[in-house]
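As structure tokens, the structure follows; a few thoughts come after it.
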Protein chains: 2
Amino acid sequence: MPANGRVPTPTLERLATYMTVLAGLKSRGVETVSSIDIEQHTGINAAQFRKDLSYFGEFGRPGVGYDVSDLRARISRILKLEERQKVLLVGAGNLGSALAGYAPLRAENFEIVAAFDNDRAKIGKSLWGLAILDVDNIVEENRRLGARMGIIAVPANAAQEAAEKLVEAQVVTILNFAPVVLRIPRHVTVRNVDFFQELAVLSFHLP
Amino acid sequence: MPANGRVPTPTLERLATYMTVLAGLKSRGVETVSSIDIEQHTGINAAQFRKDLSYFGEFGRPGVGYDVSDLRARISRILKLEERQKVLLVGAGNLGSALAGYAPLRAENFEIVAAFDNDRAKIGKSLWGLAILDVDNIVEENRRLGARMGIIAVPANAAQEAAEKLVEAQVVTILNFAPVVLRIPRHVTVRNVDFFQELAVLSFHLP
């Protein structure tokens with residue numbers, strides 16, 4: 001496998017899409033797929049699919065195709081999803097609640113192991129069976145939990161502080177939903193999901 | 001302004017980011033910014049910022065910079081956000097609820113004007129003051145509402161049907177949160193947000 005930096009991010013994004021499609025095929029009893037099948041299911045060009053896989057070695061057999069279970073397992077390994085990945089959630093509001101209750105994440109081996117908030121009215125209550133903890137205790141809580149991934153689902157004005165707390169708690173990857181550019185140390189990887197941005201790009205395309 | 005197809009999607013995404021940053025600067029009383037200021041606030045290279053704007057004509061004055069209010073207004077116009085954009089929400093579950101209650105969207109002129117579901121237990125109830133309507137009535141409801149944007153926040157197995165109903169209701173842009181590749185007519189623009197994909201890319205980057 002190449003060094004992390006060498007795999008383009010769009011390739012990683014497509015690998016996740018392949019995993020989802022392969023799970024669907026597997027559940028329908030499909031055992032083998034071709035790159036053309038993948039194109040039909042994903043809209044991703046067959047040649048692109050083969051190129052994406054080529055970063056990680058040899059897959060499939062000429063004239064036979066790809067074994068669905070095997071391919072899914074190998075992509076799962078590439079994305080470090082063979083073992084359960086623990087995730088800390090900061091923000092137990094509406095969005096945090098939707099994420100904590102989102103079944104597909106757990107199905108794919110992501111486990112939100114703790115939810116944090118700074119709102120006294122929320123701390124101690126339960127979010128989908130998780131106790132909502134005081135974000136001020138996140139460092140010591142994660143000493144016990146050992147999560148390396150975090151999600152920020154707090155309002156914009158609280159996001160930078162949430163990021164700093166996650167970093168202090170030894171989290172090294174953050175999925176940020178706040179419409180804020182986080183200042184974080186170089187060793188931390190951040191991805192941003194901005195609902196406004198998504199709708200704005202669509203709005204531009206209105207006729 | 002160039003034809004829609006000519007502006008790269010990453011440019012459009014960055015325009016939304018500039019709008020968010022400019023709103024923050026404006027609220028703090030900042031009147032003028034340079035491209036270097038923008039770089040400091042967004043992490044987006046100053047030359048990239050100038051290139052992004054160059055698709056849409058002349059902005060700013062050499063040696064003076066950009067007027068914050070004017071630049072924000074012009075980007076808002078480019079993204080068709082000067083007037084309120086109506087949005088139909090399909091799926092009144094946890095995620096739909098989080099989206100309907102997400103204040104930053106309304107602040108930026110997106111208005112979720114109706115929420116739809118196929119769950120008898122939800123129909124007729126209220127979501128943030130919106131009545132939850134039967135998705136089977138979406139076509140006639142939107143004849144009255146005239147929304148051209150839609151959000152799909154339903155489980156994967158209901159997403160394709162939701163997309164078809166939105167298209168039938170004359171919606172032409174869809175933000176899809178279901179982990180499914182939608183089959184839609186060419187005249188419809190779709191963007192996908194897949195929480196699993198976001199976390200999977202981060203998981204790959206774990207040391």
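Order determines the names: the first chain of the structure tokens is A, the second B, and so forth; residues in each chain are numbered 1 upward, and ligands are numbered 1 upward as they are shown.
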Test item, strand (DSSP E or B) assignment across segment 121-181 of chain B, answer as a list in words: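 These are the residues in question: Ser126, Leu127, Leu130, Ala131, Ile132, Leu133, Asp134, Met149, Gly150, Ile151, Ile152, Thr173, Ile174, Leu175 and Asn176 of chain B.
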Written file, previous selection with N, CA and C atoms, as a tab-separated table (two decimals), in the first residue's frame:
chain	number	residue	atom	x	y	z
B	126	SER	N	-45.86	17.90	13.80
B	126	SER	CA	-45.14	19.12	13.45
B	126	SER	C	-43.63	18.93	13.59
B	127	LEU	N	-42.90	19.54	12.66
B	127	LEU	CA	-41.44	19.50	12.70
B	127	LEU	C	-40.97	20.95	12.68
B	130	LEU	N	-43.32	23.17	11.08
B	130	LEU	CA	-43.84	22.73	9.78
B	130	LEU	C	-44.72	21.51	9.97
B	131	ALA	N	-45.87	21.49	9.31
B	131	ALA	CA	-46.66	20.26	9.33
B	131	ALA	C	-45.95	19.20	8.49
B	132	ILE	N	-45.90	17.98	9.01
B	132	ILE	CA	-45.33	16.88	8.22
B	132	ILE	C	-46.42	16.35	7.30
B	133	LEU	N	-46.14	16.39	5.99
B	133	LEU	CA	-47.13	16.04	4.97
B	133	LEU	C	-46.86	14.66	4.40
B	134	ASP	N	-47.88	14.09	3.81
B	134	ASP	CA	-47.77	12.77	3.18
B	134	ASP	C	-46.98	12.90	1.88
B	149	MET	N	-35.83	23.05	-5.05
B	149	MET	CA	-34.75	22.31	-4.39
B	149	MET	C	-35.35	21.29	-3.42
B	150	GLY	N	-34.67	20.15	-3.29
B	150	GLY	CA	-35.15	19.13	-2.36
B	150	GLY	C	-34.01	18.51	-1.57
B	151	ILE	N	-34.34	18.02	-0.40
B	151	ILE	CA	-33.38	17.29	0.44
B	151	ILE	C	-33.96	15.91	0.70
B	152	ILE	N	-33.13	14.88	0.51
B	152	ILE	CA	-33.54	13.51	0.82
B	152	ILE	C	-32.85	13.08	2.10
B	173	THR	N	-32.92	20.35	-8.20
B	173	THR	CA	-31.65	20.12	-7.49
B	173	THR	C	-31.96	19.36	-6.21
B	174	ILE	N	-31.14	18.34	-5.94
B	174	ILE	CA	-31.40	17.46	-4.79
B	174	ILE	C	-30.13	17.30	-3.96
B	175	LEU	N	-30.25	17.50	-2.67
B	175	LEU	CA	-29.18	17.17	-1.73
B	175	LEU	C	-29.57	15.85	-1.08
B	176	ASN	N	-28.78	14.82	-1.36
B	176	ASN	CA	-29.13	13.46	-0.94
B	176	ASN	C	-28.23	12.97	0.19
Contact set, chain A to chain B: 6 Å, only C-alpha atoms, as a PyMOL selection string: chain A and resi 12-13+16+42+79-80+94-95+98+105+173+181+196-197+201-202+204
Would you write out those residues with N, CA and C atoms, as a PDB file, in the first residue's frame?
ATOM      1  N   LEU A  12     -10.246   7.645  -2.193  1.00  0.00           N
ATOM      2  CA  LEU A  12     -10.711   7.153  -0.886  1.00  0.00           C
ATOM      3  C   LEU A  12     -12.230   7.293  -0.774  1.00  0.00           C
ATOM      4  N   GLU A  13     -12.746   8.415  -1.265  1.00  0.00           N
ATOM      5  CA  GLU A  13     -14.199   8.623  -1.222  1.00  0.00           C
ATOM      6  C   GLU A  13     -14.916   7.553  -2.042  1.00  0.00           C
ATOM      7  N   ALA A  16     -15.173   4.133  -0.375  1.00  0.00           N
ATOM      8  CA  ALA A  16     -16.305   4.026   0.559  1.00  0.00           C
ATOM      9  C   ALA A  16     -17.595   3.722  -0.208  1.00  0.00           C
ATOM     10  N   THR A  42     -22.767   2.453  -9.560  1.00  0.00           N
ATOM     11  CA  THR A  42     -22.248   3.647  -8.884  1.00  0.00           C
ATOM     12  C   THR A  42     -22.224   4.879  -9.786  1.00  0.00           C
ATOM     13  N   LEU A  79      -9.385   0.762   4.420  1.00  0.00           N
ATOM     14  CA  LEU A  79      -9.963   1.921   5.113  1.00  0.00           C
ATOM     15  C   LEU A  79      -9.923   1.761   6.641  1.00  0.00           C
ATOM     16  N   LYS A  80      -9.240   0.748   7.090  1.00  0.00           N
ATOM     17  CA  LYS A  80      -9.066   0.479   8.539  1.00  0.00           C
ATOM     18  C   LYS A  80     -10.402   0.269   9.240  1.00  0.00           C
ATOM     19  N   ASN A  94     -29.533  18.589  17.963  1.00  0.00           N
ATOM     20  CA  ASN A  94     -30.310  17.869  16.948  1.00  0.00           C
ATOM     21  C   ASN A  94     -29.425  17.073  16.004  1.00  0.00           C
ATOM     22  N   LEU A  95     -28.386  17.723  15.495  1.00  0.00           N
ATOM     23  CA  LEU A  95     -27.523  17.036  14.547  1.00  0.00           C
ATOM     24  C   LEU A  95     -26.766  15.907  15.245  1.00  0.00           C
ATOM     25  N   ALA A  98     -28.987  13.029  15.612  1.00  0.00           N
ATOM     26  CA  ALA A  98     -29.205  12.328  14.337  1.00  0.00           C
ATOM     27  C   ALA A  98     -28.005  11.444  13.999  1.00  0.00           C
ATOM     28  N   LEU A 105     -23.731   3.953  10.186  1.00  0.00           N
ATOM     29  CA  LEU A 105     -22.366   4.105  10.708  1.00  0.00           C
ATOM     30  C   LEU A 105     -21.972   2.887  11.534  1.00  0.00           C
ATOM     31  N   THR A 173      -8.336  12.488  14.012  1.00  0.00           N
ATOM     32  CA  THR A 173      -9.157  12.769  12.824  1.00  0.00           C
ATOM     33  C   THR A 173     -10.488  13.350  13.289  1.00  0.00           C
ATOM     34  N   VAL A 181     -13.718  27.334   9.677  1.00  0.00           N
ATOM     35  CA  VAL A 181     -12.433  26.751   9.307  1.00  0.00           C
ATOM     36  C   VAL A 181     -11.645  26.532  10.593  1.00  0.00           C
ATOM     37  N   PHE A 196     -24.801  24.354   4.359  1.00  0.00           N
ATOM     38  CA  PHE A 196     -25.003  25.570   3.560  1.00  0.00           C
ATOM     39  C   PHE A 196     -24.240  25.471   2.242  1.00  0.00           C
ATOM     40  N   GLN A 197     -22.986  25.048   2.329  1.00  0.00           N
ATOM     41  CA  GLN A 197     -22.179  24.934   1.127  1.00  0.00           C
ATOM     42  C   GLN A 197     -22.828  23.974   0.120  1.00  0.00           C
ATOM     43  N   VAL A 201     -24.095  25.272  -3.645  1.00  0.00           N
ATOM     44  CA  VAL A 201     -23.624  24.766  -4.939  1.00  0.00           C
ATOM     45  C   VAL A 201     -24.825  24.338  -5.795  1.00  0.00           C
ATOM     46  N   LEU A 202     -25.799  23.715  -5.159  1.00  0.00           N
ATOM     47  CA  LEU A 202     -27.014  23.321  -5.889  1.00  0.00           C
ATOM     48  C   LEU A 202     -27.798  24.543  -6.363  1.00  0.00           C
ATOM     49  N   PHE A 204     -26.707  27.436  -7.136  1.00  0.00           N
ATOM     50  CA  PHE A 204     -26.037  27.994  -8.322  1.00  0.00           C
ATOM     51  C   PHE A 204     -26.533  27.318  -9.596  1.00  0.00           C
TER      52      PHE A 204
END
Got a sec to align chain B on chain A by every in-order Cα pair and hand back the fitted coordinates as a CSV table (one decimal) with C-alpha atoms, in the first residue's frame?
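Below is the file selection35.csv, written as the result:
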chain,number,residue,atom,x,y,z
B,1,MET,CA,0.1,0.0,-0.2
B,2,PRO,CA,1.4,3.5,-0.9
B,3,ALA,CA,2.1,6.0,1.8
B,4,ASN,CA,-1.1,7.7,3.0
B,5,GLY,CA,-0.3,10.9,1.2
B,6,ARG,CA,-0.1,9.3,-2.2
B,7,VAL,CA,-3.7,8.1,-2.5
B,8,PRO,CA,-5.9,10.9,-3.9
B,9,THR,CA,-8.8,11.8,-1.6
B,10,PRO,CA,-11.4,11.2,-4.4
B,11,THR,CA,-10.1,7.6,-4.6
B,12,LEU,CA,-10.7,7.2,-0.9
B,13,GLU,CA,-14.2,8.6,-1.2
B,14,ARG,CA,-15.0,6.2,-4.0
B,15,LEU,CA,-13.6,3.3,-2.1
B,16,ALA,CA,-16.3,4.0,0.6
B,17,THR,CA,-18.9,4.1,-2.2
B,18,TYR,CA,-17.7,0.7,-3.5
B,19,MET,CA,-18.0,-0.7,0.0
B,20,THR,CA,-21.6,0.5,0.3
B,21,VAL,CA,-22.5,-1.0,-3.2
B,22,LEU,CA,-20.7,-4.3,-2.4
B,23,ALA,CA,-22.7,-4.6,0.8
B,24,GLY,CA,-25.9,-4.2,-1.1
B,25,LEU,CA,-24.8,-6.8,-3.7
B,26,LYS,CA,-23.7,-9.2,-1.0
B,27,SER,CA,-27.0,-8.9,0.8
B,28,ARG,CA,-28.8,-9.8,-2.5
B,29,GLY,CA,-26.6,-12.9,-2.9
B,30,VAL,CA,-24.4,-11.6,-5.7
B,31,GLU,CA,-21.0,-13.4,-5.5
B,32,THR,CA,-19.0,-11.9,-8.4
B,33,VAL,CA,-18.9,-8.5,-10.1
B,34,SER,CA,-17.2,-6.9,-13.0
B,35,SER,CA,-15.9,-3.3,-13.2
B,36,ILE,CA,-18.8,-2.7,-15.6
B,37,ASP,CA,-21.3,-3.9,-13.0
B,38,ILE,CA,-19.7,-1.4,-10.6
B,39,GLU,CA,-20.1,1.3,-13.1
B,40,GLN,CA,-23.7,0.5,-13.5
B,41,HIS,CA,-24.3,0.6,-9.8
B,42,THR,CA,-22.2,3.6,-8.9
B,43,GLY,CA,-22.1,5.8,-12.0
B,44,ILE,CA,-18.3,5.6,-11.6
B,45,ASN,CA,-16.5,4.7,-14.7
B,46,ALA,CA,-15.2,1.1,-14.9
B,47,ALA,CA,-11.6,2.3,-15.7
B,48,GLN,CA,-11.7,4.7,-12.8
B,49,PHE,CA,-12.7,1.8,-10.5
B,50,ARG,CA,-9.8,-0.3,-11.7
B,51,LYS,CA,-7.5,2.6,-11.3
B,52,ASP,CA,-8.7,3.3,-7.7
B,53,LEU,CA,-8.0,-0.3,-6.8
B,54,SER,CA,-4.6,-0.3,-8.5
B,55,TYR,CA,-3.2,1.9,-5.7
B,56,PHE,CA,-3.5,-1.1,-3.4
B,57,GLY,CA,-2.3,-4.0,-5.4
B,58,GLU,CA,-3.9,-6.7,-7.5
B,59,PHE,CA,-7.7,-7.4,-7.3
B,60,GLY,CA,-10.0,-9.6,-9.3
B,61,ARG,CA,-9.3,-12.1,-12.0
B,62,PRO,CA,-9.3,-11.4,-15.7
B,63,GLY,CA,-12.4,-12.8,-17.3
B,64,VAL,CA,-13.9,-13.7,-14.0
B,65,GLY,CA,-14.2,-10.4,-12.1
B,66,TYR,CA,-14.1,-9.6,-8.5
B,67,ASP,CA,-15.4,-11.7,-5.6
B,68,VAL,CA,-17.9,-9.5,-3.8
B,69,SER,CA,-17.1,-10.6,-0.3
B,70,ASP,CA,-13.3,-10.6,-0.8
B,71,LEU,CA,-13.3,-7.2,-2.5
B,72,ARG,CA,-15.4,-5.7,0.3
B,73,ALA,CA,-13.2,-7.2,2.9
B,74,ARG,CA,-10.1,-5.9,1.3
B,75,ILE,CA,-11.5,-2.4,0.9
B,76,SER,CA,-12.6,-2.5,4.5
B,77,ARG,CA,-9.0,-3.4,5.5
B,78,ILE,CA,-7.6,-0.5,3.4
B,79,LEU,CA,-10.0,1.9,5.1
B,80,LYS,CA,-9.1,0.5,8.5
B,81,LEU,CA,-12.6,-0.6,9.1
B,82,GLU,CA,-12.0,-4.3,9.9
B,83,GLU,CA,-12.0,-3.4,13.5
B,84,ARG,CA,-14.5,-1.2,15.2
B,85,GLN,CA,-13.4,2.5,15.2
B,86,LYS,CA,-14.4,4.4,18.2
B,87,VAL,CA,-15.7,8.0,17.7
B,88,LEU,CA,-16.3,10.8,20.2
B,89,LEU,CA,-19.2,13.1,19.5
B,90,VAL,CA,-19.1,16.7,20.6
B,91,GLY,CA,-22.5,18.3,20.5
B,92,ALA,CA,-25.6,16.5,21.7
B,93,GLY,CA,-28.1,18.8,19.9
B,94,ASN,CA,-30.3,17.9,17.0
B,95,LEU,CA,-27.5,17.1,14.6
B,96,GLY,CA,-25.5,15.2,17.2
B,97,SER,CA,-28.6,13.2,18.0
B,98,ALA,CA,-29.2,12.4,14.4
B,99,LEU,CA,-25.6,11.2,14.0
B,100,ALA,CA,-25.6,9.1,17.2
B,101,GLY,CA,-28.8,7.4,16.0
B,102,TYR,CA,-27.6,6.8,12.4
B,103,ALA,CA,-27.6,3.1,11.9
B,104,PRO,CA,-25.4,2.9,8.8
B,105,LEU,CA,-22.4,4.1,10.7
B,106,ARG,CA,-22.6,1.3,13.2
B,107,ALA,CA,-23.2,-1.2,10.5
B,108,GLU,CA,-19.9,-0.1,8.9
B,109,ASN,CA,-17.9,-0.4,12.2
B,110,PHE,CA,-18.0,3.1,13.4
B,111,GLU,CA,-19.1,3.3,17.0
B,112,ILE,CA,-19.9,6.6,18.8
B,113,VAL,CA,-18.6,5.7,22.2
B,114,ALA,CA,-19.4,8.9,24.0
B,115,ALA,CA,-21.3,12.1,23.5
B,116,PHE,CA,-20.2,15.4,25.0
B,117,ASP,CA,-21.8,18.8,25.5
B,118,ASN,CA,-21.3,22.0,27.5
B,119,ASP,CA,-25.0,22.5,28.2
B,120,ARG,CA,-25.8,21.8,31.9
B,121,ALA,CA,-29.3,20.9,30.8
B,122,LYS,CA,-28.1,18.1,28.6
B,123,ILE,CA,-25.2,16.7,30.6
B,124,GLY,CA,-26.3,13.5,32.4
B,125,LYS,CA,-29.2,12.9,30.1
B,126,SER,CA,-29.1,10.0,27.5
B,127,LEU,CA,-28.6,10.1,23.8
B,128,TRP,CA,-29.5,6.8,22.2
B,129,GLY,CA,-28.4,5.0,25.3
B,130,LEU,CA,-25.2,7.0,25.6
B,131,ALA,CA,-24.8,9.2,28.7
B,132,ILE,CA,-24.1,12.8,27.7
B,133,LEU,CA,-20.9,13.8,29.4
B,134,ASP,CA,-19.4,17.2,30.3
B,135,VAL,CA,-17.1,18.3,27.5
B,136,ASP,CA,-14.7,19.7,30.1
B,137,ASN,CA,-14.0,16.0,31.1
B,138,ILE,CA,-13.3,14.8,27.6
B,139,VAL,CA,-9.5,14.4,28.1
B,140,GLU,CA,-9.9,12.1,31.1
B,141,GLU,CA,-12.9,10.3,29.6
B,142,ASN,CA,-10.9,9.5,26.4
B,143,ARG,CA,-8.0,8.2,28.5
B,144,ARG,CA,-10.4,5.4,29.3
B,145,LEU,CA,-12.1,5.1,25.9
B,146,GLY,CA,-9.1,5.5,23.6
B,147,ALA,CA,-11.0,6.9,20.6
B,148,ARG,CA,-8.9,8.5,17.9
B,149,MET,CA,-11.8,9.9,15.8
B,150,GLY,CA,-14.1,12.8,16.7
B,151,ILE,CA,-17.2,14.5,15.3
B,152,ILE,CA,-18.0,18.2,15.9
B,153,ALA,CA,-21.7,18.9,15.8
B,154,VAL,CA,-21.8,22.2,17.8
B,155,PRO,CA,-22.7,25.7,16.7
B,156,ALA,CA,-20.1,27.7,14.8
B,157,ASN,CA,-19.0,29.8,17.8
B,158,ALA,CA,-18.2,26.7,19.9
B,159,ALA,CA,-16.4,24.7,17.1
B,160,GLN,CA,-12.8,25.8,17.6
B,161,GLU,CA,-12.9,25.1,21.3
B,162,ALA,CA,-14.5,21.7,20.6
B,163,ALA,CA,-11.6,21.0,18.1
B,164,GLU,CA,-9.0,21.9,20.7
B,165,LYS,CA,-10.5,19.7,23.3
B,166,LEU,CA,-10.7,16.8,20.9
B,167,VAL,CA,-7.0,17.3,20.0
B,168,GLU,CA,-6.1,17.5,23.7
B,169,ALA,CA,-8.0,14.2,24.1
B,170,GLN,CA,-5.6,12.6,21.6
B,171,VAL,CA,-8.1,12.5,18.7
B,172,VAL,CA,-6.3,12.7,15.4
B,173,THR,CA,-9.2,12.8,12.8
B,174,ILE,CA,-12.1,15.1,13.0
B,175,LEU,CA,-15.4,15.3,11.0
B,176,ASN,CA,-16.5,18.9,11.4
B,177,PHE,CA,-20.1,19.9,10.7
B,178,ALA,CA,-19.7,23.5,12.0
B,179,PRO,CA,-19.4,26.2,9.2
B,180,VAL,CA,-16.0,27.2,10.5
B,181,VAL,CA,-12.4,26.8,9.3
B,182,LEU,CA,-10.8,25.0,12.2
B,183,ARG,CA,-7.2,25.8,13.2
B,184,ILE,CA,-5.7,22.5,14.2
B,185,PRO,CA,-2.2,21.0,14.4
B,186,ARG,CA,-0.7,19.4,11.3
B,187,HIS,CA,-0.9,15.8,12.6
B,188,VAL,CA,-4.7,16.1,12.8
B,189,THR,CA,-6.8,15.3,9.7
B,190,VAL,CA,-10.1,17.2,9.3
B,191,ARG,CA,-13.0,16.9,6.9
B,192,ASN,CA,-15.8,19.4,6.8
B,193,VAL,CA,-19.4,18.9,6.0
B,194,ASP,CA,-21.2,22.2,5.5
B,195,PHE,CA,-24.9,22.0,4.7
B,196,PHE,CA,-25.0,25.6,3.6
B,197,GLN,CA,-22.2,24.9,1.1
B,198,GLU,CA,-23.9,21.9,-0.3
B,199,LEU,CA,-27.2,23.7,-0.9
B,200,ALA,CA,-25.4,26.8,-2.2
B,201,VAL,CA,-23.6,24.8,-4.9
B,202,LEU,CA,-27.0,23.3,-5.9
B,203,SER,CA,-28.7,26.7,-5.8
B,204,PHE,CA,-26.1,28.0,-8.3
B,205,HIS,CA,-27.2,25.2,-10.7
B,206,LEU,CA,-30.9,26.3,-10.6
B,207,PRO,CA,-32.0,27.2,-14.1
Residues of segment 118-179 of chain A in alpha helix (DSSP H), written as number ranges by chain: A: 138-145, 156-168
